[in-house]
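Notes follow the structure.
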Amino acid sequence: MKNLLPDTFTLLLLAAVGLASILPISGEPADWFGIATMLAIAGLFFLHGARLSTDVVIAGFLHWRLQLFILVTTFVVFPLLGLALGMLSPWLIPQPLYLGLLFLCVLPSTVQSSIAFTSIAGGNVPAAICAASTSNILGIFLTPVLVAMLFSAGGHVGVSFDMVWKIMLQLFLPFVAGQLLQPFIGNWVRARKALLTPFDRGSILMVVYLAFSEAVTQGVWHQLDGKDLALLVLIDTLLLTTVLLITSLGGKLFGFNREDRITALFCGSKKSLASGVPMAGVIFAGQSVGAIVLPLMLFHQIQLMVCAWLARIYAQRKATTAPEPAPAS
């Protein structure tokens with residue numbers, strides 16, 4: 001029952017949305033707060049790069065079939081499901097929320113939670129580290145490309161070189177800088193996870209507050225009601241369930257062993273709030289970003305609750321069964 005309750009970070013996200021609804025920031029203070037937010041997100045991705053061990057990445061890449069399976073799930077299967085949801089818009093799903101759902105589907109996987117749940121469930125942790133990290137690195141390029149393909153076709157938003165450059169400047173270049181310095185500061189950063197976690201979460205909270213402040217000033221809560229939110233929770237849940245079934249059955253179909261199937265399940269079904277929210281701020285600048293990131297925020301909590309439950313089940317099964325032999329090479 002405990003795993004079905006919102007975690008502390010989700011409660012803080014809700015608090016940020018509530019604060020933006022009551023006291024939205026605007027004008028010159030919003031401009032300065034936006035600059036501070038950009039610097040915080042750049043610092044977040046710098047730390048991601050500094051934490052990632054190059055040796056682990058090389059080891060994970062050796063299992064290319066598993067990595068390819070996860071990437072296809074993240075950047076092909078998910079977007080196709082997002083396009084299928086377009087049949088429900090606008091007669092059932094309001095247009096801003098559908099844009100948010102489609103944007104959710106083109107995002108990379110998470111890093112921390114994918115690795116953590118894979119570890120708890122007894123999966124292939126080095127492969128999970130590689131898959132989650134690769135997804136985020138490629139997502140910096142693939143997400144804008146997918147947005148250009150899927151959104152521009154519907155006349156929703158276009159992607160310019162300036163937009164891609166801003167994403168690279170804010171996310172990719174700090175990550176590369178952290179990776180280059182990893183041999184010198186990597187151990188120090190990894191040893192201080194408890195101290196750096198508040199910085200990680202704080203930077204995301206800043207983006208959420210800024211995005212919803214802008215959305216509130218544009219009247220987002222006059223456009224959406226409780227029925228829309230309930231529908232969004234239902235669709236997010238069905239979307240996650242569908243991908244979990246696809247990754248589970250696909251892992252068996254491709255002959256992966258138990259550890260690799262667990263890795264595919266947890267890495268292929270996630271979507272990153274840390275990458276998605278700042279990308280949305282750049283890609284959808286001038287639009288109601290709060291409504292667009294709302295499906296992602298809800299999906300974030302749903303995936304944490306469901307995957308925590310699944311990880312516990314896998315861990316219990318591992319404790320009561322003999323290890324599954326690895327397939328012959």
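Please note that chains go A, B, ... in the order of the structure tokens, that every chain numbers its residues from 1, and that ligands are numbered from 1 in the order shown.
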
TODO: Excluding Ser114 of chain A and residues on its chain fewer than 3 positions from it, collect all residues at most 7 Å away from it, counting only C-alpha atoms, and give them as a VMD selection string.
DONE: chain A and resid 110 to 111 117 to 118 128 132 266 to 267

Open item on the list: Just want the 9 Å neighbourhood of Leu296 of chain A, counted on only C-alpha atoms, with same-chain residues fewer than 2 positions away dropped. Output as a list of chain:residue names.
Closed with: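 Counting only C-alpha atoms, the residues come to A:Gly100, A:Leu101, A:Phe103, A:Leu104, A:Asp236, A:Lys271, A:Ser272, A:Leu273, A:Gly276, A:Val277, A:Ile292, A:Val293, A:Leu294, A:Leu298, A:Phe299, A:His300, A:Gln301.
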
Neighbouring residues of segment 249-257 of chain A were defined as those with any atom within 10 Å, considering only C-alpha atoms; residues of the same chain fewer than 3 positions away were excluded. Please report them as a CSV table (one decimal) with N, CA, C and O atoms, in the first residue's frame.
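Printed below is out_9.csv as written:
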chain,number,residue,atom,x,y,z
A,65,ARG,N,21.6,-5.9,-28.7
A,65,ARG,CA,20.2,-6.3,-29.0
A,65,ARG,C,19.3,-5.7,-27.9
A,65,ARG,O,18.2,-5.2,-28.3
A,66,LEU,N,19.7,-5.8,-26.7
A,66,LEU,CA,18.8,-5.3,-25.6
A,66,LEU,C,18.7,-3.8,-25.7
A,66,LEU,O,17.7,-3.2,-25.6
A,69,PHE,N,16.4,-2.8,-28.6
A,69,PHE,CA,15.0,-3.1,-28.2
A,69,PHE,C,14.5,-2.0,-27.4
A,69,PHE,O,13.3,-1.5,-27.6
A,70,ILE,N,15.2,-1.5,-26.4
A,70,ILE,CA,14.8,-0.4,-25.5
A,70,ILE,C,14.6,0.9,-26.3
A,70,ILE,O,13.6,1.6,-26.1
A,73,THR,N,11.5,0.8,-28.5
A,73,THR,CA,10.3,1.0,-27.6
A,73,THR,C,10.1,2.5,-27.3
A,73,THR,O,9.0,3.0,-27.4
A,123,GLY,N,17.5,-7.1,-12.1
A,123,GLY,CA,17.8,-7.1,-13.5
A,123,GLY,C,19.3,-6.8,-13.8
A,123,GLY,O,20.1,-6.8,-12.9
A,124,ASN,N,19.6,-6.5,-15.1
A,124,ASN,CA,20.9,-6.3,-15.6
A,124,ASN,C,21.2,-4.8,-15.4
A,124,ASN,O,20.9,-4.0,-16.2
A,243,VAL,N,2.6,-0.3,-22.8
A,243,VAL,CA,4.0,-0.4,-23.1
A,243,VAL,C,4.6,-1.5,-22.2
A,243,VAL,O,5.5,-2.2,-22.6
A,244,LEU,N,4.1,-1.6,-20.9
A,244,LEU,CA,4.6,-2.7,-20.1
A,244,LEU,C,4.4,-4.1,-20.7
A,244,LEU,O,5.2,-5.0,-20.6
A,245,LEU,N,3.2,-4.2,-21.2
A,245,LEU,CA,2.8,-5.5,-21.9
A,245,LEU,C,3.7,-5.7,-23.1
A,245,LEU,O,4.2,-6.9,-23.3
A,246,ILE,N,4.0,-4.7,-23.9
A,246,ILE,CA,4.8,-4.8,-25.1
A,246,ILE,C,6.2,-5.2,-24.7
A,246,ILE,O,6.8,-6.1,-25.3
A,260,ASP,N,17.7,-9.5,-18.4
A,260,ASP,CA,17.5,-8.6,-19.5
A,260,ASP,C,16.1,-8.2,-19.7
A,260,ASP,O,15.8,-7.1,-20.1
A,261,ARG,N,15.1,-9.1,-19.5
A,261,ARG,CA,13.7,-8.8,-19.6
A,261,ARG,C,13.3,-7.8,-18.6
A,261,ARG,O,12.5,-6.9,-18.9
A,262,ILE,N,13.8,-7.9,-17.4
A,262,ILE,CA,13.5,-6.9,-16.3
A,262,ILE,C,14.1,-5.5,-16.8
A,262,ILE,O,13.4,-4.5,-16.6
A,263,THR,N,15.3,-5.5,-17.3
A,263,THR,CA,15.9,-4.2,-17.8
A,263,THR,C,15.0,-3.6,-18.9
A,263,THR,O,14.8,-2.4,-18.9
A,264,ALA,N,14.6,-4.4,-19.8
A,264,ALA,CA,13.8,-3.9,-20.9
A,264,ALA,C,12.4,-3.4,-20.4
A,264,ALA,O,12.0,-2.3,-20.9
A,265,LEU,N,11.9,-4.1,-19.4
A,265,LEU,CA,10.6,-3.6,-18.9
A,265,LEU,C,10.7,-2.3,-18.2
A,265,LEU,O,9.9,-1.4,-18.5
A,324,GLU,N,18.0,-18.1,-13.2
A,324,GLU,CA,17.8,-18.6,-14.6
A,324,GLU,C,19.1,-18.6,-15.3
A,324,GLU,O,19.8,-17.6,-15.3
A,325,PRO,N,19.5,-19.7,-15.9
A,325,PRO,CA,20.8,-19.7,-16.7
A,325,PRO,C,20.8,-18.8,-17.8
A,325,PRO,O,19.8,-18.6,-18.5
A,326,ALA,N,22.0,-18.2,-18.1
A,326,ALA,CA,22.1,-17.3,-19.2
A,326,ALA,C,22.1,-18.1,-20.5
A,326,ALA,O,22.5,-19.2,-20.6
A,327,PRO,N,21.5,-17.5,-21.6
A,327,PRO,CA,21.5,-18.2,-22.9
A,327,PRO,C,22.9,-18.4,-23.4
A,327,PRO,O,23.8,-17.6,-23.2

- [ ] Might you pull out every residue within 12 Å of Ile313 of chain A, with only C-alpha atoms counted and same-chain residues fewer than 6 positions away left off, and present them as a PyMOL selection string?
- [x] chain A and resi 3+117-118+120-122+262+306-307+319-320

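The shortest atom-to-atom distance to Trp165 of chain A, with only C-alpha atoms taken into account, belongs to A:Val282 out of A:Val282, A:Ile93, A:Ser53, A:Val189.
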
Contact residues around Thr8 of chain A with only C-alpha atoms at 12 Å, ignoring same-chain residues under 5 positions, as a tab-separated table (two decimals) with N, CA, C and O atoms, in the first residue's frame:
chain	number	residue	atom	x	y	z
A	3	ASN	N	3.64	1.82	-1.49
A	3	ASN	CA	4.16	2.16	-2.81
A	3	ASN	C	3.12	2.80	-3.70
A	3	ASN	O	3.45	3.31	-4.77
A	13	LEU	N	5.97	18.57	-6.34
A	13	LEU	CA	5.52	19.01	-7.66
A	13	LEU	C	4.12	19.59	-7.58
A	13	LEU	O	3.83	20.64	-8.18
A	14	LEU	N	3.25	18.92	-6.84
A	14	LEU	CA	1.88	19.43	-6.67
A	14	LEU	C	1.89	20.76	-5.94
A	14	LEU	O	1.11	21.66	-6.26
A	15	ALA	N	2.80	20.89	-4.96
A	15	ALA	CA	2.92	22.16	-4.24
A	15	ALA	C	3.38	23.27	-5.17
A	15	ALA	O	2.91	24.42	-5.07
A	198	PRO	N	18.79	16.93	-3.63
A	198	PRO	CA	17.95	18.13	-3.53
A	198	PRO	C	18.17	19.10	-4.68
A	198	PRO	O	17.23	19.78	-5.12
A	201	ARG	N	16.24	17.68	-7.77
A	201	ARG	CA	14.79	17.89	-7.67
A	201	ARG	C	14.43	19.36	-7.65
A	201	ARG	O	13.41	19.77	-8.22
A	301	GLN	N	4.22	10.16	-11.90
A	301	GLN	CA	3.79	9.54	-10.64
A	301	GLN	C	3.23	8.14	-10.87
A	301	GLN	O	3.50	7.22	-10.10
A	304	LEU	N	6.02	5.64	-11.38
A	304	LEU	CA	6.72	5.34	-10.13
A	304	LEU	C	5.94	4.37	-9.28
A	304	LEU	O	6.50	3.40	-8.73

Task: Among the residues A:Ala148, A:Val233, A:Leu180, A:Val289, the one that comes closest to Val216 of chain A [using only C-alpha atoms] - done: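 Closest to Val216 of chain A of all the choices is A:Val289.
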
- [ ] Go through segment 56-267 of chain A and collect every residue that DSSP, computed from the backbone, puts in alpha helix (DSSP H); the answer should be as a PyMOL selection string.
- [x] chain A and resi 56-61+64-72+78-85+95-105+112-121+125-153+161-167+173-190+193-217+220-223+226-253+258-267

- [ ] Can you work out the spacing between atom CA of Ser275 of chain A and atom CA of Val77 of chain A in Å, to one decimal?
- [x] 19.1 Å

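You can rank A:Leu81, A:Ile41, A:Leu47, A:Leu19 by their closest distance to Leu240 of chain A using only C-alpha atoms, and at the top of that list sits A:Leu81.
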
TODO: Tell me, in Å to one decimal, how far atom CA of Gly27 of chain A is from atom CA of Gly290 of chain A.
DONE: 17.2 Å

For Gly18 of chain A, list every protein, DNA or RNA residue within 12 Å, evaluated using only C-alpha atoms, and leave out those in the same chain fewer than 2 positions away; present the list as a PDB file with C-alpha atoms, in the first residue's frame.
ATOM      1  CA  LEU A  11       3.928  16.157  -3.380  1.00  0.00           C
ATOM      2  CA  LEU A  12       6.486  18.906  -3.975  1.00  0.00           C
ATOM      3  CA  LEU A  13       5.520  19.006  -7.663  1.00  0.00           C
ATOM      4  CA  LEU A  14       1.883  19.426  -6.668  1.00  0.00           C
ATOM      5  CA  ALA A  15       2.919  22.156  -4.240  1.00  0.00           C
ATOM      6  CA  ALA A  16       4.786  23.949  -7.045  1.00  0.00           C
ATOM      7  CA  ALA A  20       1.939  28.879  -9.315  1.00  0.00           C
ATOM      8  CA  SER A  21      -1.862  28.798  -9.339  1.00  0.00           C
ATOM      9  CA  ILE A  22      -2.073  31.159  -6.362  1.00  0.00           C
ATOM     10  CA  LEU A  23       1.056  33.281  -6.791  1.00  0.00           C
ATOM     11  CA  PRO A  24       2.254  33.018 -10.413  1.00  0.00           C
ATOM     12  CA  LEU A 205      10.601  22.155  -9.326  1.00  0.00           C
ATOM     13  CA  VAL A 208       7.488  23.324 -13.155  1.00  0.00           C
ATOM     14  CA  TYR A 209       6.724  26.475 -11.156  1.00  0.00           C
ATOM     15  CA  LEU A 210       7.831  28.712 -14.025  1.00  0.00           C
ATOM     16  CA  PHE A 212       2.654  26.672 -14.617  1.00  0.00           C
ATOM     17  CA  SER A 213       2.998  30.328 -13.683  1.00  0.00           C
ATOM     18  CA  VAL A 216      -1.966  30.271 -15.136  1.00  0.00           C
ATOM     19  CA  TRP A 221      -7.424  26.354 -15.294  1.00  0.00           C
TER      20      TRP A 221
END
